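Asker: Next up, protein_39.pdb (PDB, C-alpha atoms).
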```
ATOM      1  CA  PHE A   1      29.528 -71.094 -47.812
ATOM      2  CA  VAL A   2      29.251 -74.781 -48.675
ATOM      3  CA  LEU A   3      26.303 -75.740 -50.809
ATOM      4  CA  PRO A   4      24.648 -79.172 -50.605
ATOM      5  CA  GLY A   5      26.613 -81.720 -52.602
ATOM      6  CA  GLU A   6      29.871 -79.758 -52.377
ATOM      7  CA  GLN A   7      32.861 -80.854 -50.362
ATOM      8  CA  ALA A   8      34.286 -78.502 -47.736
ATOM      9  CA  PRO A   9      38.058 -78.490 -48.133
ATOM     10  CA  LEU A  10      40.325 -78.987 -45.173
ATOM     11  CA  ALA A  11      41.672 -75.705 -43.863
ATOM     12  CA  PRO A  12      45.431 -75.103 -43.996
ATOM     13  CA  GLY A  13      47.091 -76.902 -41.094
ATOM     14  CA  ALA A  14      44.269 -79.404 -40.618
ATOM     15  CA  THR A  15      44.859 -83.159 -40.366
ATOM     16  CA  LEU A  16      42.321 -85.861 -41.187
ATOM     17  CA  LEU A  17      41.983 -88.759 -38.740
ATOM     18  CA  VAL A  18      40.101 -91.890 -39.787
ATOM     19  CA  ILE A  19      39.172 -95.137 -38.026
ATOM     20  CA  THR A  20      38.778 -98.182 -40.220
ATOM     21  CA  GLU A  21      37.840-101.792 -39.616
ATOM     22  CA  GLY A  22      38.775-104.433 -42.108
ATOM     23  CA  GLY A  23      39.716-101.752 -44.579
ATOM     24  CA  ARG A  24      36.295-100.085 -44.280
ATOM     25  CA  PRO A  25      36.208 -96.503 -42.971
ATOM     26  CA  LEU A  26      33.973 -96.185 -39.908
ATOM     27  CA  ALA A  27      34.506 -92.569 -38.878
ATOM     28  CA  GLY A  28      36.597 -89.597 -39.873
ATOM     29  CA  VAL A  29      37.281 -86.166 -38.401
ATOM     30  CA  SER A  30      39.625 -83.258 -39.078
ATOM     31  CA  VAL A  31      41.746 -81.723 -36.320
ATOM     32  CA  GLN A  32      43.608 -78.437 -36.174
ATOM     33  CA  LEU A  33      44.792 -75.708 -33.837
ATOM     34  CA  ALA A  34      44.100 -71.975 -33.705
ATOM     35  CA  GLU A  35      45.420 -69.179 -31.523
ATOM     36  CA  ASP A  36      43.458 -66.594 -29.528
ATOM     37  CA  LEU A  37      39.950 -66.919 -30.914
ATOM     38  CA  GLU A  38      37.564 -64.227 -29.665
ATOM     39  CA  GLY A  39      36.550 -65.105 -26.122
ATOM     40  CA  ALA A  40      38.876 -68.141 -26.113
ATOM     41  CA  PRO A  41      42.385 -66.966 -25.230
ATOM     42  CA  GLY A  42      45.371 -69.145 -25.913
ATOM     43  CA  ARG A  43      45.376 -72.205 -28.127
ATOM     44  CA  SER A  44      42.132 -73.892 -29.181
ATOM     45  CA  GLY A  45      41.715 -77.207 -30.912
ATOM     46  CA  MET A  46      38.982 -77.888 -33.434
ATOM     47  CA  VAL A  47      37.380 -81.087 -34.662
ATOM     48  CA  GLY A  48      35.375 -80.875 -37.857
ATOM     49  CA  HIS A  49      34.411 -82.578 -41.115
ATOM     50  CA  LEU A  50      32.812 -85.333 -39.066
ATOM     51  CA  ARG A  51      31.877 -88.364 -41.135
ATOM     52  CA  ILE A  52      30.316 -91.535 -39.745
ATOM     53  CA  ALA A  53      29.647 -94.667 -41.766
ATOM     54  CA  GLU A  54      26.113 -95.895 -42.183
ATOM     55  CA  ALA A  55      25.024 -99.501 -42.333
ATOM     56  CA  ALA A  56      25.583 -99.685 -46.064
ATOM     57  CA  GLY A  57      29.206 -98.656 -45.674
ATOM     58  CA  THR A  58      28.763 -95.027 -46.654
ATOM     59  CA  ALA A  59      29.281 -91.878 -44.696
ATOM     60  CA  GLY A  60      26.334 -90.050 -43.228
ATOM     61  CA  PRO A  61      25.652 -86.343 -43.703
ATOM     62  CA  GLY A  62      27.938 -84.005 -41.823
ATOM     63  CA  THR A  63      28.522 -80.364 -41.062
ATOM     64  CA  ASP A  64      30.615 -79.932 -44.192
ATOM     65  CA  GLY A  65      27.934 -80.159 -46.880
ATOM     66  CA  HIS A  66      28.849 -83.700 -47.937
ATOM     67  CA  ARG A  67      26.131 -85.927 -49.255
ATOM     68  CA  ALA A  68      25.318 -89.282 -47.742
ATOM     69  CA  GLY A  69      27.304 -91.788 -49.730
ATOM     70  CA  ASP A  70      30.478 -89.693 -50.148
ATOM     71  CA  PRO A  71      33.484 -91.772 -49.129
ATOM     72  CA  VAL A  72      35.674 -91.125 -46.119
ATOM     73  CA  THR A  73      39.357 -91.316 -46.981
ATOM     74  CA  GLY A  74      42.598 -91.164 -45.035
ATOM     75  CA  ASP A  75      45.130 -93.303 -43.235
ATOM     76  CA  PRO A  76      43.680 -96.381 -41.521
ATOM     77  CA  HIS A  77      43.560 -96.566 -37.720
ATOM     78  CA  ALA A  78      41.542 -99.614 -36.777
ATOM     79  CA  HIS A  79      39.337 -99.429 -33.662
ATOM     80  CA  GLY A  80      35.878-100.447 -32.590
ATOM     81  CA  THR A  81      33.272-102.685 -34.126
ATOM     82  CA  ASN A  82      30.590-100.206 -35.101
ATOM     83  CA  ALA A  83      30.541 -96.739 -36.522
ATOM     84  CA  ALA A  84      28.943 -94.952 -33.560
ATOM     85  CA  HIS A  85      31.432 -96.408 -31.109
ATOM     86  CA  ALA A  86      34.230 -95.644 -33.554
ATOM     87  CA  ALA A  87      33.118 -92.014 -33.804
ATOM     88  CA  THR A  88      33.141 -91.565 -30.021
ATOM     89  CA  THR A  89      36.533 -93.234 -29.798
ATOM     90  CA  LEU A  90      37.857 -91.008 -32.570
ATOM     91  CA  LEU A  91      36.555 -87.833 -30.905
ATOM     92  CA  ARG A  92      38.258 -88.822 -27.652
ATOM     93  CA  HIS A  93      41.476 -89.552 -29.502
ATOM     94  CA  ALA A  94      41.269 -86.221 -31.341
ATOM     95  CA  CYS A  95      40.825 -84.352 -28.052
ATOM     96  CA  SER A  96      43.804 -86.140 -26.512
ATOM     97  CA  HIS A  97      45.927 -85.391 -29.569
ATOM     98  CA  LEU A  98      45.004 -81.692 -29.541
ATOM     99  CA  ALA A  99      45.519 -81.357 -25.782
ATOM    100  CA  LYS A 100      49.014 -82.859 -26.107
ATOM    101  CA  ASN A 101      49.696 -80.115 -28.653
ATOM    102  CA  GLY A 102      48.735 -77.342 -26.250
ATOM    103  CA  ALA A 103      44.987 -76.929 -26.790
ATOM    104  CA  ARG A 104      43.252 -75.422 -23.752
ATOM    105  CA  ARG A 105      39.895 -76.441 -25.177
ATOM    106  CA  VAL A 106      38.557 -78.403 -28.161
ATOM    107  CA  LEU A 107      35.613 -77.021 -30.157
ATOM    108  CA  GLY A 108      33.392 -79.047 -32.388
ATOM    109  CA  PRO A 109      32.146 -79.604 -34.832
ATOM    110  CA  MET A 110      33.997 -76.728 -36.525
ATOM    111  CA  ASN A 111      35.571 -76.959 -39.961
ATOM    112  CA  GLY A 112      38.460 -74.617 -39.225
ATOM    113  CA  SER A 113      36.689 -71.409 -38.183
ATOM    114  CA  THR A 114      33.274 -69.827 -37.729
ATOM    115  CA  TRP A 115      33.458 -68.684 -41.364
ATOM    116  CA  ALA A 116      33.157 -72.349 -42.368
ATOM    117  CA  PRO A 117      30.423 -74.860 -41.475
ATOM    118  CA  TYR A 118      30.150 -75.590 -37.764
ATOM    119  CA  ARG A 119      27.498 -76.567 -35.148
ATOM    120  CA  LEU A 120      25.079 -79.474 -34.887
ATOM    121  CA  VAL A 121      21.312 -79.538 -34.990
ATOM    122  CA  THR A 122      20.272 -80.375 -31.412
ATOM    123  CA  ASP A 123      16.506 -79.827 -31.602
ATOM    124  CA  PRO A 124      14.984 -80.230 -35.078
ATOM    125  CA  ALA A 125      11.463 -79.317 -33.946
ATOM    126  CA  PRO A 126      11.380 -77.006 -30.892
ATOM    127  CA  GLY A 127       8.125 -76.546 -29.040
ATOM    128  CA  GLY A 128       6.933 -80.088 -29.598
ATOM    129  CA  ALA A 129       6.169 -79.729 -33.307
ATOM    130  CA  ALA A 130       4.943 -83.001 -34.759
ATOM    131  CA  GLU A 131       7.166 -82.719 -37.817
ATOM    132  CA  PRO A 132      10.369 -80.689 -38.209
ATOM    133  CA  GLN A 133      10.585 -78.075 -40.933
ATOM    134  CA  PRO A 134      12.610 -79.317 -43.928
ATOM    135  CA  PRO A 135      16.299 -78.332 -43.923
ATOM    136  CA  PHE A 136      17.100 -75.108 -45.723
ATOM    137  CA  LEU A 137      19.971 -74.236 -48.017
ATOM    138  CA  MET A 138      23.365 -74.191 -46.212
ATOM    139  CA  GLU A 139      21.864 -75.380 -42.930
ATOM    140  CA  PRO A 140      23.842 -77.936 -40.874
ATOM    141  CA  ARG A 141      22.439 -81.436 -41.298
ATOM    142  CA  ASN A 142      23.151 -84.322 -38.995
ATOM    143  CA  PRO A 143      21.447 -87.432 -37.650
ATOM    144  CA  PRO A 144      19.702 -86.826 -34.309
ATOM    145  CA  HIS A 145      22.131 -89.015 -32.323
ATOM    146  CA  TRP A 146      25.267 -87.041 -33.228
ATOM    147  CA  PRO A 147      25.055 -84.575 -30.302
ATOM    148  CA  GLU A 148      25.006 -87.539 -27.935
ATOM    149  CA  LEU A 149      28.207 -88.865 -29.519
ATOM    150  CA  PHE A 150      29.922 -85.604 -28.585
ATOM    151  CA  ARG A 151      28.560 -85.815 -25.039
ATOM    152  CA  GLU A 152      29.764 -89.402 -24.706
ATOM    153  CA  ALA A 153      33.220 -88.221 -25.778
ATOM    154  CA  GLY A 154      33.218 -85.682 -22.929
ATOM    155  CA  PHE A 155      32.003 -82.567 -24.741
ATOM    156  CA  GLN A 156      29.515 -80.076 -23.311
ATOM    157  CA  VAL A 157      27.528 -77.338 -25.027
ATOM    158  CA  ARG A 158      29.511 -74.107 -25.333
ATOM    159  CA  SER A 159      27.239 -71.972 -27.545
ATOM    160  CA  GLU A 160      23.638 -72.230 -28.707
ATOM    161  CA  TYR A 161      22.016 -70.966 -31.889
ATOM    162  CA  VAL A 162      18.564 -70.801 -33.440
ATOM    163  CA  SER A 163      16.857 -70.333 -36.775
ATOM    164  CA  ALA A 164      13.503 -68.555 -36.868
ATOM    165  CA  ARG A 165      10.826 -68.279 -39.536
ATOM    166  CA  VAL A 166       8.679 -65.231 -40.202
ATOM    167  CA  THR A 167       5.406 -66.127 -41.895
ATOM    168  CA  ASP A 168       3.517 -62.860 -41.384
ATOM    169  CA  LEU A 169       5.358 -60.981 -44.097
ATOM    170  CA  ALA A 170       2.840 -58.132 -44.057
ATOM    171  CA  ARG A 171       3.794 -57.194 -40.514
ATOM    172  CA  ALA A 172       6.566 -54.583 -40.482
ATOM    173  CA  HIS A 173       8.850 -54.163 -37.509
ATOM    174  CA  PRO A 174       7.264 -51.593 -35.172
ATOM    175  CA  ARG A 175      10.353 -49.380 -35.432
ATOM    176  CA  ARG A 176      10.658 -49.497 -39.222
ATOM    177  CA  ALA A 177       9.203 -46.053 -39.944
ATOM    178  CA  GLU A 178      11.209 -44.483 -37.133
ATOM    179  CA  SER A 179      14.412 -46.104 -38.401
ATOM    180  CA  LEU A 180      13.797 -45.030 -41.996
ATOM    181  CA  ALA A 181      13.303 -41.425 -40.917
ATOM    182  CA  ALA A 182      16.455 -41.456 -38.764
ATOM    183  CA  LEU A 183      18.588 -42.929 -41.529
ATOM    184  CA  GLU A 184      17.250 -40.471 -44.095
ATOM    185  CA  ALA A 185      18.208 -37.622 -41.782
ATOM    186  CA  GLN A 186      21.724 -39.102 -41.518
ATOM    187  CA  GLY A 187      22.045 -39.461 -45.269
ATOM    188  CA  VAL A 188      22.283 -43.260 -45.193
ATOM    189  CA  GLU A 189      20.746 -44.990 -48.198
ATOM    190  CA  LEU A 190      20.096 -48.675 -48.894
ATOM    191  CA  ALA A 191      20.665 -49.987 -52.421
ATOM    192  CA  PRO A 192      21.205 -53.362 -54.169
ATOM    193  CA  ILE A 193      24.727 -54.602 -54.674
ATOM    194  CA  ARG A 194      26.158 -53.501 -58.009
ATOM    195  CA  MET A 195      27.084 -56.593 -59.952
ATOM    196  CA  ASP A 196      28.987 -54.459 -62.496
ATOM    197  CA  ARG A 197      31.486 -53.655 -59.737
ATOM    198  CA  PHE A 198      31.157 -56.872 -57.785
ATOM    199  CA  GLU A 199      34.807 -57.062 -56.694
ATOM    200  CA  GLU A 200      34.781 -53.527 -55.266
ATOM    201  CA  GLU A 201      31.494 -54.076 -53.458
ATOM    202  CA  LEU A 202      32.749 -57.392 -52.104
ATOM    203  CA  ALA A 203      35.951 -55.769 -50.824
ATOM    204  CA  ASP A 204      33.858 -53.245 -48.879
ATOM    205  CA  ILE A 205      31.719 -56.068 -47.475
ATOM    206  CA  HIS A 206      34.869 -57.915 -46.408
ATOM    207  CA  ARG A 207      36.256 -54.888 -44.557
ATOM    208  CA  LEU A 208      32.964 -54.263 -42.784
ATOM    209  CA  SER A 209      32.549 -57.937 -41.909
ATOM    210  CA  LEU A 210      35.954 -57.999 -40.209
ATOM    211  CA  GLU A 211      34.910 -54.982 -38.141
ATOM    212  CA  ALA A 212      31.328 -55.964 -37.379
ATOM    213  CA  PHE A 213      32.023 -59.589 -36.455
ATOM    214  CA  ALA A 214      35.264 -59.038 -34.526
ATOM    215  CA  GLY A 215      33.440 -59.323 -31.200
ATOM    216  CA  ASN A 216      31.523 -62.462 -32.104
ATOM    217  CA  PRO A 217      32.294 -65.584 -30.071
ATOM    218  CA  LEU A 218      35.270 -67.539 -31.453
ATOM    219  CA  TYR A 219      35.850 -65.030 -34.252
ATOM    220  CA  SER A 220      39.065 -65.105 -36.250
ATOM    221  CA  PRO A 221      39.795 -62.848 -39.244
ATOM    222  CA  LEU A 222      39.371 -64.298 -42.721
ATOM    223  CA  PRO A 223      41.879 -63.180 -45.394
ATOM    224  CA  TRP A 224      40.501 -61.346 -48.408
ATOM    225  CA  GLU A 225      41.375 -64.112 -50.884
ATOM    226  CA  ALA A 226      39.474 -66.727 -48.882
ATOM    227  CA  PHE A 227      36.509 -64.369 -48.427
ATOM    228  CA  ARG A 228      36.398 -63.595 -52.137
ATOM    229  CA  ALA A 229      36.500 -67.293 -53.038
ATOM    230  CA  MET A 230      33.666 -68.007 -50.591
ATOM    231  CA  TYR A 231      31.326 -65.397 -52.046
ATOM    232  CA  THR A 232      32.357 -66.019 -55.646
ATOM    233  CA  GLY A 233      31.063 -69.561 -55.187
ATOM    234  CA  VAL A 234      27.534 -68.335 -54.508
ATOM    235  CA  ARG A 235      27.574 -65.458 -57.016
ATOM    236  CA  PRO A 236      25.390 -67.399 -59.521
ATOM    237  CA  LEU A 237      22.679 -67.611 -56.824
ATOM    238  CA  LEU A 238      22.694 -63.910 -55.997
ATOM    239  CA  ASN A 239      19.767 -61.650 -56.766
ATOM    240  CA  PRO A 240      21.122 -58.089 -56.387
ATOM    241  CA  GLU A 241      17.876 -56.942 -54.792
ATOM    242  CA  LEU A 242      18.454 -59.431 -51.993
ATOM    243  CA  VAL A 243      21.999 -58.268 -51.212
ATOM    244  CA  GLN A 244      21.700 -54.638 -50.191
ATOM    245  CA  LEU A 245      24.325 -52.215 -48.972
ATOM    246  CA  ALA A 246      23.702 -49.153 -46.788
ATOM    247  CA  ARG A 247      26.079 -46.301 -47.605
ATOM    248  CA  THR A 248      26.565 -42.791 -46.297
ATOM    249  CA  LYS A 249      26.502 -39.749 -48.576
ATOM    250  CA  GLY A 250      30.275 -40.063 -48.801
ATOM    251  CA  GLY A 251      30.021 -43.650 -50.001
ATOM    252  CA  THR A 252      31.203 -45.331 -46.810
ATOM    253  CA  LEU A 253      29.601 -48.728 -46.208
ATOM    254  CA  ALA A 254      27.549 -48.536 -43.011
ATOM    255  CA  GLY A 255      25.933 -51.946 -43.162
ATOM    256  CA  PHE A 256      24.569 -54.679 -45.407
ATOM    257  CA  PHE A 257      22.331 -57.713 -45.527
ATOM    258  CA  PHE A 258      22.734 -60.866 -47.573
ATOM    259  CA  ALA A 259      19.679 -62.965 -48.407
ATOM    260  CA  LEU A 260      19.059 -65.619 -51.020
ATOM    261  CA  PRO A 261      16.186 -67.848 -52.112
ATOM    262  CA  ASP A 262      16.100 -71.353 -50.705
ATOM    263  CA  THR A 263      16.747 -73.516 -53.744
ATOM    264  CA  THR A 264      15.289 -76.480 -51.844
ATOM    265  CA  ASP A 265      11.962 -74.672 -51.337
ATOM    266  CA  PRO A 266      11.023 -71.636 -53.487
ATOM    267  CA  GLY A 267       8.568 -70.497 -50.828
ATOM    268  CA  ARG A 268      11.402 -69.578 -48.467
ATOM    269  CA  LEU A 269      13.851 -66.677 -48.471
ATOM    270  CA  ILE A 270      16.925 -67.045 -46.239
ATOM    271  CA  LEU A 271      18.411 -64.070 -44.444
ATOM    272  CA  LYS A 272      21.979 -65.305 -44.044
ATOM    273  CA  THR A 273      23.997 -62.289 -42.871
ATOM    274  CA  VAL A 274      23.374 -58.851 -41.405
ATOM    275  CA  ALA A 275      26.222 -56.521 -40.426
ATOM    276  CA  VAL A 276      26.365 -52.944 -39.142
ATOM    277  CA  ALA A 277      29.502 -50.821 -38.798
ATOM    278  CA  ASN A 278      30.395 -49.917 -35.232
ATOM    279  CA  ALA A 279      29.858 -46.212 -35.905
ATOM    280  CA  HIS A 280      26.271 -46.852 -37.039
ATOM    281  CA  ARG A 281      25.056 -49.104 -34.255
ATOM    282  CA  GLY A 282      22.089 -47.751 -32.342
ATOM    283  CA  THR A 283      20.989 -45.608 -35.294
ATOM    284  CA  GLY A 284      18.124 -47.847 -36.404
ATOM    285  CA  LEU A 285      20.115 -49.320 -39.291
ATOM    286  CA  GLY A 286      20.050 -52.804 -37.771
ATOM    287  CA  VAL A 287      16.260 -52.729 -37.569
ATOM    288  CA  LEU A 288      15.996 -51.779 -41.238
ATOM    289  CA  LEU A 289      18.520 -54.396 -42.382
ATOM    290  CA  LEU A 290      16.514 -57.071 -40.584
ATOM    291  CA  ASP A 291      13.107 -55.838 -41.733
ATOM    292  CA  GLU A 292      13.787 -54.975 -45.378
ATOM    293  CA  PRO A 293      14.293 -58.650 -46.309
ATOM    294  CA  ARG A 294      10.807 -59.320 -44.924
ATOM    295  CA  ARG A 295       9.372 -56.713 -47.281
ATOM    296  CA  LEU A 296      11.358 -58.111 -50.198
ATOM    297  CA  ALA A 297      10.300 -61.674 -49.394
ATOM    298  CA  ARG A 298       6.672 -60.619 -49.661
ATOM    299  CA  GLU A 299       7.304 -58.592 -52.813
ATOM    300  CA  HIS A 300       9.046 -61.544 -54.499
ATOM    301  CA  GLY A 301       6.227 -63.962 -53.663
ATOM    302  CA  HIS A 302       7.915 -65.963 -50.917
ATOM    303  CA  LEU A 303       5.796 -67.394 -48.127
ATOM    304  CA  GLU A 304       8.282 -67.033 -45.288
ATOM    305  CA  LEU A 305      11.590 -65.478 -44.312
ATOM    306  CA  ILE A 306      14.177 -67.514 -42.435
ATOM    307  CA  HIS A 307      16.499 -65.752 -39.987
ATOM    308  CA  ALA A 308      19.278 -68.313 -40.198
ATOM    309  CA  LEU A 309      21.701 -69.594 -37.575
ATOM    310  CA  MET A 310      21.673 -66.804 -34.982
ATOM    311  CA  HIS A 311      23.545 -66.957 -31.701
ATOM    312  CA  VAL A 312      20.920 -66.896 -28.955
ATOM    313  CA  ASP A 313      22.511 -63.768 -27.449
ATOM    314  CA  ASN A 314      22.835 -61.933 -30.765
ATOM    315  CA  PRO A 315      20.706 -58.764 -31.180
ATOM    316  CA  SER A 316      19.425 -60.215 -34.462
ATOM    317  CA  ALA A 317      17.918 -63.126 -32.558
ATOM    318  CA  ARG A 318      16.235 -60.780 -30.097
ATOM    319  CA  ILE A 319      14.814 -58.586 -32.859
ATOM    320  CA  SER A 320      13.588 -61.548 -34.907
ATOM    321  CA  ARG A 321      11.622 -62.850 -31.925
ATOM    322  CA  HIS A 322       9.266 -59.876 -32.345
ATOM    323  CA  SER A 323       7.702 -61.628 -35.324
ATOM    324  CA  GLY A 324       9.503 -64.940 -35.836
ATOM    325  CA  GLU A 325       9.008 -68.500 -34.628
ATOM    326  CA  VAL A 326      12.089 -70.511 -33.653
ATOM    327  CA  PHE A 327      11.947 -73.757 -35.612
ATOM    328  CA  ARG A 328      15.445 -75.200 -35.127
ATOM    329  CA  ARG A 329      18.104 -75.194 -32.410
ATOM    330  CA  TYR A 330      21.809 -75.893 -32.756
ATOM    331  CA  ALA A 331      24.867 -76.097 -30.545
ATOM    332  CA  LEU A 332      28.629 -75.908 -30.713
ATOM    333  CA  PHE A 333      30.306 -78.253 -28.268
ATOM    334  CA  GLN A 334      33.462 -77.919 -26.200
ATOM    335  CA  TRP A 335      35.823 -80.331 -24.452
ATOM    336  CA  ILE A 336      38.103 -79.108 -21.671
ATOM    337  CA  PRO A 337      41.214 -81.128 -20.709
TER     338      PRO A 337
END
```
What would the structure in this file look like if it were written as structure tokens?
Answerer:
Amino acid sequence: FVLPGEQAPLAPGATLLVITEGGRPLAGVSVQLAEDLEGAPGRSGMVGHLRIAEAAGTAGPGTDGHRAGDPVTGDPHAHGTNAAHAATTLLRHACSHLAKNGARRVLGPMNGSTWAPYRLVTDPAPGGAAEPQPPFLMEPRNPPHWPELFREAGFQVRSEYVSARVTDLARAHPRRAESLAALEAQGVELAPIRMDRFEEELADIHRLSLEAFAGNPLYSPLPWEAFRAMYTGVRPLLNPELVQLARTKGGTLAGFFFALPDTTDPGRLILKTVAVANAHRGTGLGVLLLDEPRRLAREHGHLELIHALMHVDNPSARISRHSGEVFRRYALFQWIP
């Protein structure tokens, strides 16, 4: 997770490319290679940490959590006369560089993996809304013209994602009661994360995440130390009631959900992650893990629940459409040599 105002570090093996003009940075991007991502066999290239200068000489907001005004640094490579043109030129150069190093495709923006910030907002107000909903905590933020910069550099959309908002918090999922009864019969119980044994709980979450997300598009495993550092960074924001773990009678973790209040708007609760072990899929656990945050949002006085950043083909996205309204669309782009 990268919170607003924090810098996303470059992943091991990444290189930062920067275009400058007259000593002034115009655009910057990281490049790196990865092997055999899920659904992308062979070598993939990635471009991430995109930064583009604004008129005042500062870098605009990117997919890495940087604030407008943070400087772009790196070795100078002078090209172009304006930042937008420089960014397109830099993306083309990055693709050429990665292809020469064996990349069969280039993905972007992606800051090293799908565990890190990636994607661009492509439709800030779907359905013709007059005004877009304000950005939520940990959501990608980018100027509206950035997707076109990728297209001009030869990229096309590879994957699409949505965020949905549930405002009728009194309306339970129609299968909630059925799912609760089935899980009770199986001896599966849902309980808040125990902060007094945070490391042990987090280790279980890590193991389940590796299993549950292994089939996700472009997945790559995340080592325990990196996972622990990622979650430790948001520990001060955690409310144990909003991070709940489903365990069997024997103590095996069957699933979990991770939600947190939107610090930018106290009326919103964000459902960030839901995961179910392979052995417990189709048992009704997924329905409960998606619906319990709705109940908790209402109980805690929130006005809406956000189902954040779901792949359009993900079961979570299909379930959330029963009671949620899509309010933002995103895309990950791909360039093929």
Asker: If we count all atoms listed in the file and set the cut-off at 10 Å, which residues sit around Tyr219 in chain A, ignoring sequence neighbours fewer than 3 positions away in its own chain? Please answer as a list in words.
Answerer: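 Contacts, with the query itself left out: Asp36, Leu37, Glu38, Gly39, Ala40, Ser113, Thr114, Trp115, Leu210, Phe213, Ala214, Gly215, Asn216 and Leu222 of chain A.
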Asker: Quick one: which residues end up in the PyMOL selection byres ((chain A and resi 209) around 10) for this structure, as a compact mmCIF listing (two decimals) with C-alpha atoms, in the frame of the given file?
Answerer:
```txt
# COMPACT_ATOMS: atom_id res chain seq x y z
CA ALA A 203 35.95 -55.77 -50.82
CA ASP A 204 33.86 -53.24 -48.88
CA ILE A 205 31.72 -56.07 -47.48
CA HIS A 206 34.87 -57.92 -46.41
CA ARG A 207 36.26 -54.89 -44.56
CA LEU A 208 32.96 -54.26 -42.78
CA LEU A 210 35.95 -58.00 -40.21
CA GLU A 211 34.91 -54.98 -38.14
CA ALA A 212 31.33 -55.96 -37.38
CA PHE A 213 32.02 -59.59 -36.46
CA ALA A 214 35.26 -59.04 -34.53
CA PRO A 221 39.80 -62.85 -39.24
CA LEU A 222 39.37 -64.30 -42.72
CA PHE A 227 36.51 -64.37 -48.43
CA GLY A 255 25.93 -51.95 -43.16
CA PHE A 256 24.57 -54.68 -45.41
CA THR A 273 24.00 -62.29 -42.87
CA VAL A 274 23.37 -58.85 -41.40
CA ALA A 275 26.22 -56.52 -40.43
CA VAL A 276 26.36 -52.94 -39.14
CA ALA A 277 29.50 -50.82 -38.80
```
Asker: Which residue is closest to Leu238 in chain A? Choose from A:Leu183, A:Ala226, A:Met195, A:Leu253 and count only C-alpha atoms.
Answerer: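 Comparing A:Leu183, A:Ala226, A:Met195, A:Leu253 against Leu238 in chain A, the winner is A:Met195.
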Asker: Would you kindly translate the PyMOL selection byres ((chain A and resi 325-334) around 9) into the concrete residues it picks from this file, as a VMD selection string?
Answerer: chain A and resid 105 to 110 118 to 127 129 132 to 133 140 147 150 to 151 154 to 167 309 320 to 324 335 to 336
Asker: Extending 3 Å beyond the listed atoms of range 100-103 of chain A on each side, what axis-aligned box results? I want centre and edge lengths in Å to one decimal, as AutoDock Vina command-line options.
Answerer:
```
--center_x 47.3 --center_y -79.9 --center_z -27.4 --size_x 10.7 --size_y 11.9 --size_z 8.5
```
Asker: Evaluate the PyMOL selection byres ((chain A and resi 172) around 8) here and jot the selected residues down as a VMD selection string.
Answerer: chain A and resid 169 to 171 173 to 174 176 291 294 to 295
Asker: From the list A:Leu242, A:Ala34, A:Leu190, A:Ala116, which residue is nearest Pro9 in chain A when using all atoms listed in the file?
Answerer: A:Ala116
Asker: Using all atoms listed in the file, which protein or nucleic acid residues come within 9 Å of Gly112 in chain A? Drop anything in the same chain fewer than 3 positions from it, and give the result as a tab-separated table (two decimals) with C-alpha atoms, keeping the file's coordinate frame.
Answerer:
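Output below, filename result.tsv:
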```
chain	number	residue	atom	x	y	z
A	10	LEU	CA	40.33	-78.99	-45.17
A	11	ALA	CA	41.67	-75.70	-43.86
A	12	PRO	CA	45.43	-75.10	-44.00
A	14	ALA	CA	44.27	-79.40	-40.62
A	30	SER	CA	39.62	-83.26	-39.08
A	31	VAL	CA	41.75	-81.72	-36.32
A	32	GLN	CA	43.61	-78.44	-36.17
A	33	LEU	CA	44.79	-75.71	-33.84
A	34	ALA	CA	44.10	-71.97	-33.70
A	46	MET	CA	38.98	-77.89	-33.43
A	47	VAL	CA	37.38	-81.09	-34.66
A	48	GLY	CA	35.38	-80.88	-37.86
A	115	TRP	CA	33.46	-68.68	-41.36
A	116	ALA	CA	33.16	-72.35	-42.37
A	117	PRO	CA	30.42	-74.86	-41.48
A	118	TYR	CA	30.15	-75.59	-37.76
```
Asker: Find the residue from A:Ser44, A:Asn111, A:Asn82, A:Gln244 that sits nearest to Ala99 in chain A; use all atoms listed in the file when measuring.
Answerer: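 Checking each candidate against Ala99 in chain A, we get A:Ser44 as the closest.
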Asker: Give me the residues within 8 Å of Ile193 in chain A as a ChimeraX atom specification, counting all atoms listed in the file and dropping any in the same chain fewer than 5 places off.
Answerer: /A:198,201,240-241,243-245
Asker: What is the CA of Met138 in chain A to CA of Leu260 in chain A distance in Å?
Answerer: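 Between CA of Met138 in chain A and CA of Leu260 in chain A the gap is 10.7 Å.
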Asker: With all atoms listed in the file as the basis for distance, which of A:Leu137, A:Val29, A:Ala181, A:Leu218 is at the shortest distance from Leu271 in chain A?
Answerer: A:Leu137
Asker: Quick one: pull the distance between CA of Pro261 in chain A and CA of Arg298 in chain A, Å, one decimal.
Answerer: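 Separation of CA of Pro261 in chain A and CA of Arg298 in chain A: 12.2 Å.
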Asker: Complete range 220-224 of chain A at the level of N, CA and C atoms, written as a tab-separated table (two decimals), keeping the file's coordinate frame.
Answerer:
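rebuild-v2.tsv, written as the output of this step:
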```tsv
chain	number	residue	atom	x	y	z
A	220	SER	N	37.70	-65.27	-35.78
A	220	SER	CA	39.06	-65.10	-36.25
A	220	SER	C	38.97	-64.44	-37.62
A	221	PRO	N	39.89	-63.55	-37.95
A	221	PRO	CA	39.80	-62.85	-39.24
A	221	PRO	C	39.98	-63.79	-40.42
A	222	LEU	N	39.27	-63.50	-41.51
A	222	LEU	CA	39.37	-64.30	-42.72
A	222	LEU	C	40.08	-63.46	-43.78
A	223	PRO	N	41.17	-63.94	-44.36
A	223	PRO	CA	41.88	-63.18	-45.39
A	223	PRO	C	40.99	-62.89	-46.59
A	224	TRP	N	41.31	-61.79	-47.28
A	224	TRP	CA	40.50	-61.35	-48.41
A	224	TRP	C	40.37	-62.44	-49.47
```
